[in-house]
Amino acid sequence: MRTSVITRFAKNDRAFSGRRRIATLAATVVLAGGVQLLATDTAWACGDHRLNGAYEAPANVPGLSPDTAIVSAKSSVVADGSWNEVSVKVTNKAAEDAHGMEPFLGIHTPGSGAAARLKDVKIQYEDYTGAWKNLQLLDGCSRVVDITGSQRQRMAANSSATFKFRYSLAAGTPAGVTTIDLLASTEMAGSQGPGDSGFKTVKVTHPQDTAGTKPTTPAKPAPTKDTKPAPAKPAAEQTKDTAPAPAPKPTTPTTAPAGTPELAQTGSSSTNTFLAASSALLLALGAGALIAVRRLRRQH
């Protein structure tokens, strides 16, 4: 009788031990997945169609956002706070008006080293009055600085229009940022998917890279026996030669006049919140599984 009880206990213990190992393994996998989700690059979760070059939307798909292309932009800029204009052409190929259409511009730092930060970037948009408006920026996915919105408007069917942005990189931009990608796209209210997007790679130099050395004044040759020193010029001619050059005329500033109201900020938000919530859920599930295993272990 005693032997049978011990045998049954051993069988139950082995079964319980197997279930415990499975639960522990499951909890470990869930925790590892949550930690890895927090640590890895978020490009896969962003699904940003603009990062791999100019995106081409599928043909014959109704309800897509208007197409976007970069038609004018510098190939090289200096990180010194100066403005660099970007012209973006938006085309509505649909047979109906595009309501709530809004062009966007983002700045992507490729690679895995230093990246342009929010405090390094400024982006402005030229509205229909010709005034430049400051745009609010956000940290997008995969090392992208995005705008939250520009100006929503209606675009007629089968029409196109050109919009202007301009951006600057501060002098404090990390020296490791030597290349950026300009990402242009257009969003539309109720869109069934993105249209074509614009892409342009731009080389970035820094003030310390472009500063040249001061030119040195060549030494005057020593007079020889055969050469005579040049006669001194009359005082009137010396005054004429040494007269200061006229001061250059001041240029008109290109920025918007003071007092211009800021543009209302609208647009999409970052997906980092989704990633953080998913990670927290996975971590909570893993922790719960481990607690359950420990309780089962105490009961047996």
# chains A, B, ... in the order shown; residues from 1 in each chain; ligands from 1
>>> residues_around(residues="segment 99-106 of chain A", least_positions_apart="3", cutoff="8 Å", atoms="only C-alpha atoms", output="ChimeraX atom specification")
/A:65-66,90,144-147,149-155,163,165,182-189
>>> write_last_selection(atoms="N, CA, C and O atoms", output="short mmCIF file (atom, residue, chain, number, x, y, z; two decimals), in the first residue's frame")
data_model
loop_
_atom_site.label_atom_id
_atom_site.label_comp_id
_atom_site.auth_asym_id
_atom_site.auth_seq_id
_atom_site.Cartn_x
_atom_site.Cartn_y
_atom_site.Cartn_z
N SER A 65 -3.49 58.37 -51.30
CA SER A 65 -3.10 59.77 -51.15
C SER A 65 -2.44 60.26 -52.43
O SER A 65 -1.92 59.46 -53.22
N PRO A 66 -2.41 61.57 -52.65
CA PRO A 66 -1.72 62.09 -53.85
C PRO A 66 -0.24 61.73 -53.86
O PRO A 66 0.37 61.48 -52.83
N VAL A 90 3.16 67.93 -55.61
CA VAL A 90 2.10 67.00 -55.22
C VAL A 90 1.12 66.89 -56.38
O VAL A 90 0.68 67.89 -56.93
N VAL A 144 14.28 59.32 -37.63
CA VAL A 144 13.63 60.31 -38.49
C VAL A 144 13.10 61.45 -37.63
O VAL A 144 12.46 61.22 -36.61
N VAL A 145 13.38 62.68 -38.04
CA VAL A 145 12.75 63.86 -37.45
C VAL A 145 11.63 64.27 -38.39
O VAL A 145 11.88 64.63 -39.55
N ASP A 146 10.40 64.19 -37.93
CA ASP A 146 9.22 64.45 -38.76
C ASP A 146 8.53 65.72 -38.32
O ASP A 146 8.67 66.16 -37.17
N ILE A 147 7.73 66.29 -39.23
CA ILE A 147 6.85 67.38 -38.86
C ILE A 147 5.51 66.78 -38.44
O ILE A 147 5.15 65.68 -38.86
N GLY A 149 2.69 68.29 -39.07
CA GLY A 149 1.72 68.71 -40.07
C GLY A 149 2.17 70.01 -40.70
O GLY A 149 3.04 70.71 -40.18
N SER A 150 1.58 70.36 -41.86
CA SER A 150 1.93 71.61 -42.52
C SER A 150 0.68 72.48 -42.69
O SER A 150 0.45 73.41 -41.92
N GLN A 151 -0.15 72.17 -43.68
CA GLN A 151 -1.38 72.94 -43.88
C GLN A 151 -2.33 72.10 -44.73
O GLN A 151 -2.05 71.78 -45.88
N ARG A 152 -3.46 71.74 -44.14
CA ARG A 152 -4.43 70.93 -44.86
C ARG A 152 -5.19 71.79 -45.86
O ARG A 152 -5.56 72.92 -45.55
N GLN A 153 -5.47 71.22 -47.02
CA GLN A 153 -6.15 71.96 -48.07
C GLN A 153 -6.79 70.99 -49.05
O GLN A 153 -6.57 69.78 -48.98
N ARG A 154 -7.54 71.52 -49.98
CA ARG A 154 -8.21 70.72 -51.00
C ARG A 154 -7.45 70.84 -52.31
O ARG A 154 -7.04 71.92 -52.70
N MET A 155 -7.28 69.69 -52.99
CA MET A 155 -6.63 69.69 -54.30
C MET A 155 -7.61 69.14 -55.33
O MET A 155 -8.22 68.09 -55.13
N PHE A 163 4.84 72.90 -53.55
CA PHE A 163 4.91 73.50 -52.22
C PHE A 163 6.37 73.60 -51.81
O PHE A 163 7.22 72.82 -52.24
N PHE A 165 9.23 73.88 -48.67
CA PHE A 165 9.70 73.76 -47.31
C PHE A 165 11.12 74.34 -47.25
O PHE A 165 11.76 74.54 -48.29
N LEU A 182 16.20 63.30 -47.29
CA LEU A 182 14.97 64.08 -47.27
C LEU A 182 13.82 63.16 -47.67
O LEU A 182 13.88 62.50 -48.72
N LEU A 183 12.76 63.12 -46.85
CA LEU A 183 11.62 62.25 -47.09
C LEU A 183 10.38 63.12 -47.29
O LEU A 183 9.96 63.83 -46.38
N ALA A 184 9.80 63.09 -48.49
CA ALA A 184 8.63 63.90 -48.81
C ALA A 184 7.44 62.98 -49.08
O ALA A 184 7.57 61.98 -49.80
N SER A 185 6.31 63.32 -48.52
CA SER A 185 5.10 62.52 -48.72
C SER A 185 3.89 63.42 -48.53
O SER A 185 4.00 64.56 -48.10
N THR A 186 2.72 62.88 -48.87
CA THR A 186 1.47 63.62 -48.72
C THR A 186 0.44 62.71 -48.08
O THR A 186 0.30 61.54 -48.45
N GLU A 187 -0.27 63.24 -47.09
CA GLU A 187 -1.34 62.50 -46.45
C GLU A 187 -2.68 63.14 -46.80
O GLU A 187 -2.76 64.32 -47.12
N MET A 188 -3.72 62.31 -46.74
CA MET A 188 -5.05 62.79 -47.10
C MET A 188 -6.07 62.16 -46.16
O MET A 188 -5.95 60.98 -45.80
N ALA A 189 -7.05 62.94 -45.75
CA ALA A 189 -8.08 62.43 -44.87
C ALA A 189 -8.84 61.29 -45.54
O ALA A 189 -9.26 61.40 -46.70
#
>>> residues_around(residues="segment 120-131 of chain A", least_positions_apart="3", cutoff="7 Å", atoms="only C-alpha atoms", output="compact mmCIF listing (two decimals) with N, CA and C atoms, in the first residue's frame")
# COMPACT_ATOMS: atom_id res chain seq x y z
N ALA A 116 20.80 63.20 -36.32
CA ALA A 116 20.27 64.54 -36.07
C ALA A 116 19.16 64.45 -35.03
N ARG A 117 19.19 65.38 -34.06
CA ARG A 117 18.23 65.39 -32.97
C ARG A 117 17.19 66.49 -33.18
N ASN A 134 6.81 78.33 -38.92
CA ASN A 134 7.53 77.31 -38.15
C ASN A 134 6.65 76.09 -37.97
N LEU A 135 7.22 74.91 -38.15
CA LEU A 135 6.47 73.66 -37.99
C LEU A 135 6.94 72.92 -36.76
N SER A 150 1.58 70.36 -41.86
CA SER A 150 1.93 71.61 -42.52
C SER A 150 0.68 72.48 -42.69
N LYS A 164 6.64 74.57 -50.94
CA LYS A 164 8.03 74.81 -50.52
C LYS A 164 8.19 74.62 -49.02
N PHE A 165 9.23 73.88 -48.67
CA PHE A 165 9.70 73.76 -47.31
C PHE A 165 11.12 74.34 -47.25
N ARG A 166 11.60 74.58 -46.06
CA ARG A 166 13.01 74.86 -45.88
C ARG A 166 13.42 74.35 -44.49
N TYR A 167 14.65 73.87 -44.40
CA TYR A 167 15.13 73.28 -43.16
C TYR A 167 16.52 73.80 -42.86
N SER A 168 16.92 73.66 -41.60
CA SER A 168 18.27 74.04 -41.19
C SER A 168 18.79 73.04 -40.19
N LEU A 169 20.10 72.85 -40.19
CA LEU A 169 20.78 72.02 -39.21
C LEU A 169 21.66 72.93 -38.36
N ALA A 170 21.51 72.84 -37.05
CA ALA A 170 22.24 73.73 -36.15
C ALA A 170 23.73 73.41 -36.16
N GLY A 172 25.43 72.84 -33.72
CA GLY A 172 25.69 71.81 -32.73
C GLY A 172 25.32 70.40 -33.16
N THR A 173 24.91 70.24 -34.41
CA THR A 173 24.60 68.90 -34.91
C THR A 173 25.82 68.00 -34.77
N ALA A 256 10.17 85.22 -42.35
CA ALA A 256 8.85 85.82 -42.27
C ALA A 256 8.90 87.04 -41.35
>>> select_by_dssp(residues="segment 90-239 of chain A", states="strand (DSSP E or B)", output="short mmCIF file (atom, residue, chain, number, x, y, z; two decimals) with N, CA and C atoms, in the first residue's frame")
data_model
loop_
_atom_site.label_atom_id
_atom_site.label_comp_id
_atom_site.auth_asym_id
_atom_site.auth_seq_id
_atom_site.Cartn_x
_atom_site.Cartn_y
_atom_site.Cartn_z
N VAL A 90 3.16 67.93 -55.61
CA VAL A 90 2.10 67.00 -55.22
C VAL A 90 1.12 66.89 -56.38
N THR A 91 0.78 65.65 -56.75
CA THR A 91 -0.09 65.39 -57.88
C THR A 91 -1.26 64.52 -57.46
N ASN A 92 -2.46 65.01 -57.76
CA ASN A 92 -3.67 64.23 -57.49
C ASN A 92 -4.13 63.61 -58.81
N ALA A 98 -9.14 65.87 -53.81
CA ALA A 98 -8.48 65.33 -52.62
C ALA A 98 -8.74 66.29 -51.46
N HIS A 99 -9.58 65.89 -50.52
CA HIS A 99 -9.92 66.74 -49.39
C HIS A 99 -8.99 66.44 -48.22
N GLY A 100 -8.59 67.49 -47.50
CA GLY A 100 -7.70 67.31 -46.35
C GLY A 100 -6.31 66.86 -46.76
N MET A 101 -5.86 67.25 -47.93
CA MET A 101 -4.51 66.89 -48.40
C MET A 101 -3.48 67.73 -47.65
N GLU A 102 -2.35 67.09 -47.27
CA GLU A 102 -1.34 67.79 -46.47
C GLU A 102 0.05 67.25 -46.79
N PRO A 103 0.94 68.08 -47.34
CA PRO A 103 2.31 67.62 -47.63
C PRO A 103 3.16 67.54 -46.36
N PHE A 104 4.09 66.57 -46.35
CA PHE A 104 4.96 66.34 -45.20
C PHE A 104 6.42 66.29 -45.66
N LEU A 105 7.32 66.64 -44.72
CA LEU A 105 8.75 66.53 -44.96
C LEU A 105 9.41 65.99 -43.71
N GLY A 106 10.24 64.96 -43.89
CA GLY A 106 10.99 64.39 -42.78
C GLY A 106 12.47 64.35 -43.10
N ILE A 107 13.30 64.30 -42.06
CA ILE A 107 14.76 64.23 -42.23
C ILE A 107 15.24 62.96 -41.53
N HIS A 108 15.83 62.07 -42.31
CA HIS A 108 16.29 60.77 -41.82
C HIS A 108 17.81 60.74 -41.79
N VAL A 121 17.35 70.39 -35.58
CA VAL A 121 16.60 70.57 -36.84
C VAL A 121 15.52 71.63 -36.67
N LYS A 122 15.37 72.45 -37.69
CA LYS A 122 14.24 73.37 -37.82
C LYS A 122 13.67 73.22 -39.23
N ILE A 123 12.33 73.21 -39.34
CA ILE A 123 11.66 73.09 -40.63
C ILE A 123 10.56 74.12 -40.70
N GLN A 124 10.47 74.82 -41.83
CA GLN A 124 9.43 75.81 -42.07
C GLN A 124 8.69 75.48 -43.37
N TYR A 125 7.48 76.02 -43.47
CA TYR A 125 6.61 75.78 -44.63
C TYR A 125 6.13 77.13 -45.16
N GLU A 126 6.15 77.32 -46.48
CA GLU A 126 5.68 78.57 -47.08
C GLU A 126 4.19 78.44 -47.37
N TRP A 132 6.72 82.32 -44.26
CA TRP A 132 7.29 81.07 -43.77
C TRP A 132 6.76 80.81 -42.36
N LYS A 133 6.26 79.59 -42.15
CA LYS A 133 5.67 79.20 -40.87
C LYS A 133 6.53 78.14 -40.20
N ASN A 134 6.81 78.33 -38.92
CA ASN A 134 7.53 77.31 -38.15
C ASN A 134 6.65 76.09 -37.97
N LEU A 137 7.97 69.73 -34.60
CA LEU A 137 8.68 68.50 -34.98
C LEU A 137 8.46 67.43 -33.92
N LEU A 138 8.66 66.18 -34.33
CA LEU A 138 8.59 65.06 -33.39
C LEU A 138 9.61 64.02 -33.79
N ASP A 139 10.01 63.19 -32.80
CA ASP A 139 10.91 62.08 -33.06
C ASP A 139 10.13 60.96 -33.71
N VAL A 144 14.28 59.32 -37.63
CA VAL A 144 13.63 60.31 -38.49
C VAL A 144 13.10 61.45 -37.63
N VAL A 145 13.38 62.68 -38.04
CA VAL A 145 12.75 63.86 -37.45
C VAL A 145 11.63 64.27 -38.39
N ASP A 146 10.40 64.19 -37.93
CA ASP A 146 9.22 64.45 -38.76
C ASP A 146 8.53 65.72 -38.32
N ILE A 147 7.73 66.29 -39.23
CA ILE A 147 6.85 67.38 -38.86
C ILE A 147 5.51 66.78 -38.44
N GLN A 153 -5.47 71.22 -47.02
CA GLN A 153 -6.15 71.96 -48.07
C GLN A 153 -6.79 70.99 -49.05
N ARG A 154 -7.54 71.52 -49.98
CA ARG A 154 -8.21 70.72 -51.00
C ARG A 154 -7.45 70.84 -52.31
N MET A 155 -7.28 69.69 -52.99
CA MET A 155 -6.63 69.69 -54.30
C MET A 155 -7.61 69.14 -55.33
N SER A 159 -4.92 67.25 -60.89
CA SER A 159 -4.16 68.50 -60.84
C SER A 159 -2.90 68.28 -60.02
N SER A 160 -2.00 69.25 -60.07
CA SER A 160 -0.76 69.19 -59.30
C SER A 160 -0.40 70.59 -58.82
N ALA A 161 0.40 70.65 -57.78
CA ALA A 161 0.84 71.93 -57.22
C ALA A 161 2.19 71.72 -56.57
N THR A 162 2.98 72.80 -56.50
CA THR A 162 4.31 72.75 -55.90
C THR A 162 4.30 73.52 -54.58
N PHE A 163 4.84 72.90 -53.55
CA PHE A 163 4.91 73.50 -52.22
C PHE A 163 6.37 73.60 -51.81
N LYS A 164 6.64 74.57 -50.94
CA LYS A 164 8.03 74.81 -50.52
C LYS A 164 8.19 74.62 -49.02
N PHE A 165 9.23 73.88 -48.67
CA PHE A 165 9.70 73.76 -47.31
C PHE A 165 11.12 74.34 -47.25
N ARG A 166 11.60 74.58 -46.06
CA ARG A 166 13.01 74.86 -45.88
C ARG A 166 13.42 74.35 -44.49
N TYR A 167 14.65 73.87 -44.40
CA TYR A 167 15.13 73.28 -43.16
C TYR A 167 16.52 73.80 -42.86
N SER A 168 16.92 73.66 -41.60
CA SER A 168 18.27 74.04 -41.19
C SER A 168 18.79 73.04 -40.19
N LEU A 169 20.10 72.85 -40.19
CA LEU A 169 20.78 72.02 -39.21
C LEU A 169 21.66 72.93 -38.36
N THR A 179 25.52 62.60 -43.56
CA THR A 179 24.54 62.37 -44.62
C THR A 179 23.14 62.36 -44.01
N ILE A 180 22.19 62.97 -44.73
CA ILE A 180 20.78 62.88 -44.34
C ILE A 180 19.96 62.54 -45.57
N ASP A 181 18.78 62.00 -45.35
CA ASP A 181 17.83 61.72 -46.42
C ASP A 181 16.61 62.61 -46.23
N LEU A 182 16.20 63.30 -47.29
CA LEU A 182 14.97 64.08 -47.27
C LEU A 182 13.82 63.16 -47.67
N LEU A 183 12.76 63.12 -46.85
CA LEU A 183 11.62 62.25 -47.09
C LEU A 183 10.38 63.12 -47.29
N ALA A 184 9.80 63.09 -48.49
CA ALA A 184 8.63 63.90 -48.81
C ALA A 184 7.44 62.98 -49.08
N SER A 185 6.31 63.32 -48.52
CA SER A 185 5.10 62.52 -48.72
C SER A 185 3.89 63.42 -48.53
N THR A 186 2.72 62.88 -48.87
CA THR A 186 1.47 63.62 -48.72
C THR A 186 0.44 62.71 -48.08
N GLU A 187 -0.27 63.24 -47.09
CA GLU A 187 -1.34 62.50 -46.45
C GLU A 187 -2.68 63.14 -46.80
N GLY A 198 8.73 61.11 -52.18
CA GLY A 198 10.00 61.65 -52.67
C GLY A 198 11.14 61.33 -51.73
N PHE A 199 12.35 61.21 -52.29
CA PHE A 199 13.52 60.82 -51.51
C PHE A 199 14.75 61.48 -52.14
N LYS A 200 15.59 62.07 -51.30
CA LYS A 200 16.84 62.66 -51.79
C LYS A 200 17.89 62.59 -50.70
N THR A 201 19.08 62.09 -51.06
CA THR A 201 20.20 62.02 -50.13
C THR A 201 21.02 63.31 -50.21
N VAL A 202 21.37 63.86 -49.06
CA VAL A 202 22.07 65.14 -48.99
C VAL A 202 23.33 64.96 -48.14
N LYS A 203 24.44 65.47 -48.63
CA LYS A 203 25.70 65.44 -47.88
C LYS A 203 25.73 66.59 -46.88
N VAL A 204 26.22 66.32 -45.69
CA VAL A 204 26.27 67.33 -44.63
C VAL A 204 27.72 67.60 -44.26
N THR A 205 28.10 68.86 -44.29
CA THR A 205 29.41 69.27 -43.80
C THR A 205 29.21 70.18 -42.59
#
>>> closest_residue(among="A:Ala69, A:Val78, A:Ala94, A:Ala54", to="Pro207 of chain A", atoms="only C-alpha atoms")
A:Val78
>>> atom_distance(atom1="atom CA of Thr109 of chain A", atom2="atom CA of Ser82 of chain A")
18.5 Å
>>> select_by_dssp(residues="segment 90-216 of chain A", states="helix (DSSP H, G or I)", output="MDAnalysis selection string")
chainID A and resid 118:120 207:210
>>> write_last_selection(atoms="all heavy atoms", output="compact mmCIF listing (two decimals), in the first residue's frame")
# COMPACT_ATOMS: atom_id res chain seq x y z
N LEU A 118 16.13 66.44 -32.38
CA LEU A 118 15.09 67.46 -32.50
C LEU A 118 15.67 68.86 -32.35
O LEU A 118 15.29 69.78 -33.08
CB LEU A 118 14.01 67.23 -31.44
CG LEU A 118 12.97 66.14 -31.72
CD1 LEU A 118 12.00 66.04 -30.56
CD2 LEU A 118 12.22 66.43 -33.00
N LYS A 119 16.59 69.04 -31.40
CA LYS A 119 17.13 70.37 -31.15
C LYS A 119 18.08 70.82 -32.27
O LYS A 119 18.43 71.99 -32.33
CB LYS A 119 17.86 70.40 -29.81
CG LYS A 119 19.12 69.52 -29.76
CD LYS A 119 19.79 69.63 -28.39
CE LYS A 119 21.07 68.83 -28.31
NZ LYS A 119 21.72 68.95 -26.99
N ASP A 120 18.49 69.90 -33.15
CA ASP A 120 19.39 70.25 -34.25
C ASP A 120 18.64 70.72 -35.49
O ASP A 120 19.23 71.36 -36.37
CB ASP A 120 20.26 69.05 -34.63
CG ASP A 120 21.10 68.55 -33.49
OD1 ASP A 120 21.55 69.38 -32.69
OD2 ASP A 120 21.31 67.33 -33.39
N PRO A 207 30.84 73.39 -39.93
CA PRO A 207 31.66 74.60 -40.04
C PRO A 207 33.15 74.34 -39.88
O PRO A 207 33.97 74.93 -40.58
CB PRO A 207 31.12 75.49 -38.91
CG PRO A 207 29.71 75.05 -38.73
CD PRO A 207 29.72 73.57 -38.98
N GLN A 208 33.53 73.42 -38.99
CA GLN A 208 34.95 73.15 -38.79
C GLN A 208 35.56 72.44 -40.00
O GLN A 208 36.76 72.48 -40.21
CB GLN A 208 35.18 72.31 -37.53
CG GLN A 208 34.46 70.96 -37.54
CD GLN A 208 33.10 71.04 -36.91
OE1 GLN A 208 32.50 72.12 -36.89
NE2 GLN A 208 32.62 69.94 -36.38
N ASP A 209 34.69 71.79 -40.81
CA ASP A 209 35.19 71.12 -42.00
C ASP A 209 35.43 72.11 -43.14
O ASP A 209 36.29 71.91 -43.98
CB ASP A 209 34.20 70.06 -42.47
CG ASP A 209 33.98 69.00 -41.42
OD1 ASP A 209 34.90 68.78 -40.60
OD2 ASP A 209 32.90 68.37 -41.41
N THR A 210 34.62 73.18 -43.21
CA THR A 210 34.69 74.11 -44.32
C THR A 210 35.59 75.31 -44.04
O THR A 210 35.88 76.09 -44.94
CB THR A 210 33.28 74.62 -44.67
OG1 THR A 210 32.71 75.22 -43.50
CG2 THR A 210 32.39 73.46 -45.10
>>> atom_distance(atom1="atom CA of Gly47 of chain A", atom2="atom CA of Gly140 of chain A")
11.3 Å
>>> atom_distance(atom1="atom CA of His206 of chain A", atom2="atom CA of Gly81 of chain A")
10.4 Å
>>> decode(residues="segment 54-130 of chain A", atoms="C-alpha atoms", output="compact mmCIF listing (two decimals), in the first residue's frame")
# COMPACT_ATOMS: atom_id res chain seq x y z
CA ALA A 54 11.37 56.90 -53.56
CA TYR A 55 8.29 54.78 -52.92
CA GLU A 56 6.04 53.87 -55.86
CA ALA A 57 2.42 53.21 -54.98
CA PRO A 58 0.60 50.29 -56.64
CA ALA A 59 -1.34 51.17 -59.79
CA ASN A 60 -5.13 51.10 -60.13
CA VAL A 61 -5.78 51.27 -56.38
CA PRO A 62 -8.57 53.74 -55.55
CA GLY A 63 -8.47 56.09 -52.59
CA LEU A 64 -4.68 56.52 -52.30
CA SER A 65 -3.10 59.77 -51.15
CA PRO A 66 -1.72 62.09 -53.85
CA ASP A 67 1.74 61.39 -55.23
CA THR A 68 4.74 63.39 -54.00
CA ALA A 69 8.12 64.13 -55.59
CA ILE A 70 11.09 66.32 -54.61
CA VAL A 71 11.75 68.58 -57.61
CA SER A 72 14.37 70.89 -56.13
CA ALA A 73 16.81 70.54 -53.21
CA LYS A 74 20.52 71.02 -52.51
CA SER A 75 22.80 67.99 -52.73
CA SER A 76 25.10 69.37 -50.01
CA VAL A 77 24.38 71.56 -46.98
CA VAL A 78 26.33 73.01 -44.06
CA ALA A 79 25.27 72.47 -40.46
CA ASP A 80 25.52 76.13 -39.48
CA GLY A 81 21.87 77.12 -38.99
CA SER A 82 21.40 78.41 -42.56
CA TRP A 83 18.18 77.66 -44.46
CA ASN A 84 17.96 75.16 -47.30
CA GLU A 85 14.86 75.18 -49.52
CA VAL A 86 13.07 72.06 -50.77
CA SER A 87 10.40 72.19 -53.48
CA VAL A 88 7.85 69.39 -53.38
CA LYS A 89 5.41 68.61 -56.21
CA VAL A 90 2.10 67.00 -55.22
CA THR A 91 -0.09 65.39 -57.88
CA ASN A 92 -3.67 64.23 -57.49
CA LYS A 93 -4.23 61.61 -60.20
CA ALA A 94 -7.70 60.72 -58.99
CA ALA A 95 -10.87 61.75 -60.81
CA GLU A 96 -12.17 63.41 -57.66
CA ASP A 97 -10.95 66.19 -55.40
CA ALA A 98 -8.48 65.33 -52.62
CA HIS A 99 -9.92 66.74 -49.39
CA GLY A 100 -7.70 67.31 -46.35
CA MET A 101 -4.51 66.89 -48.40
CA GLU A 102 -1.34 67.79 -46.47
CA PRO A 103 2.31 67.62 -47.63
CA PHE A 104 4.96 66.34 -45.20
CA LEU A 105 8.75 66.53 -44.96
CA GLY A 106 10.99 64.39 -42.78
CA ILE A 107 14.76 64.23 -42.23
CA HIS A 108 16.29 60.77 -41.82
CA THR A 109 19.83 60.04 -40.61
CA PRO A 110 20.97 56.75 -42.19
CA GLY A 111 23.30 54.30 -40.48
CA SER A 112 23.62 53.45 -36.80
CA GLY A 113 25.98 56.15 -35.48
CA ALA A 114 25.22 59.74 -34.55
CA ALA A 115 21.87 61.12 -35.69
CA ALA A 116 20.27 64.54 -36.07
CA ARG A 117 18.23 65.39 -32.97
CA LEU A 118 15.09 67.46 -32.50
CA LYS A 119 17.13 70.37 -31.15
CA ASP A 120 19.39 70.25 -34.25
CA VAL A 121 16.60 70.57 -36.84
CA LYS A 122 14.24 73.37 -37.82
CA ILE A 123 11.66 73.09 -40.63
CA GLN A 124 9.43 75.81 -42.07
CA TYR A 125 6.61 75.78 -44.63
CA GLU A 126 5.68 78.57 -47.08
CA ASP A 127 1.94 79.14 -46.89
CA TYR A 128 -0.31 80.57 -49.60
CA THR A 129 0.50 84.16 -48.51
CA GLY A 130 4.23 83.62 -49.06
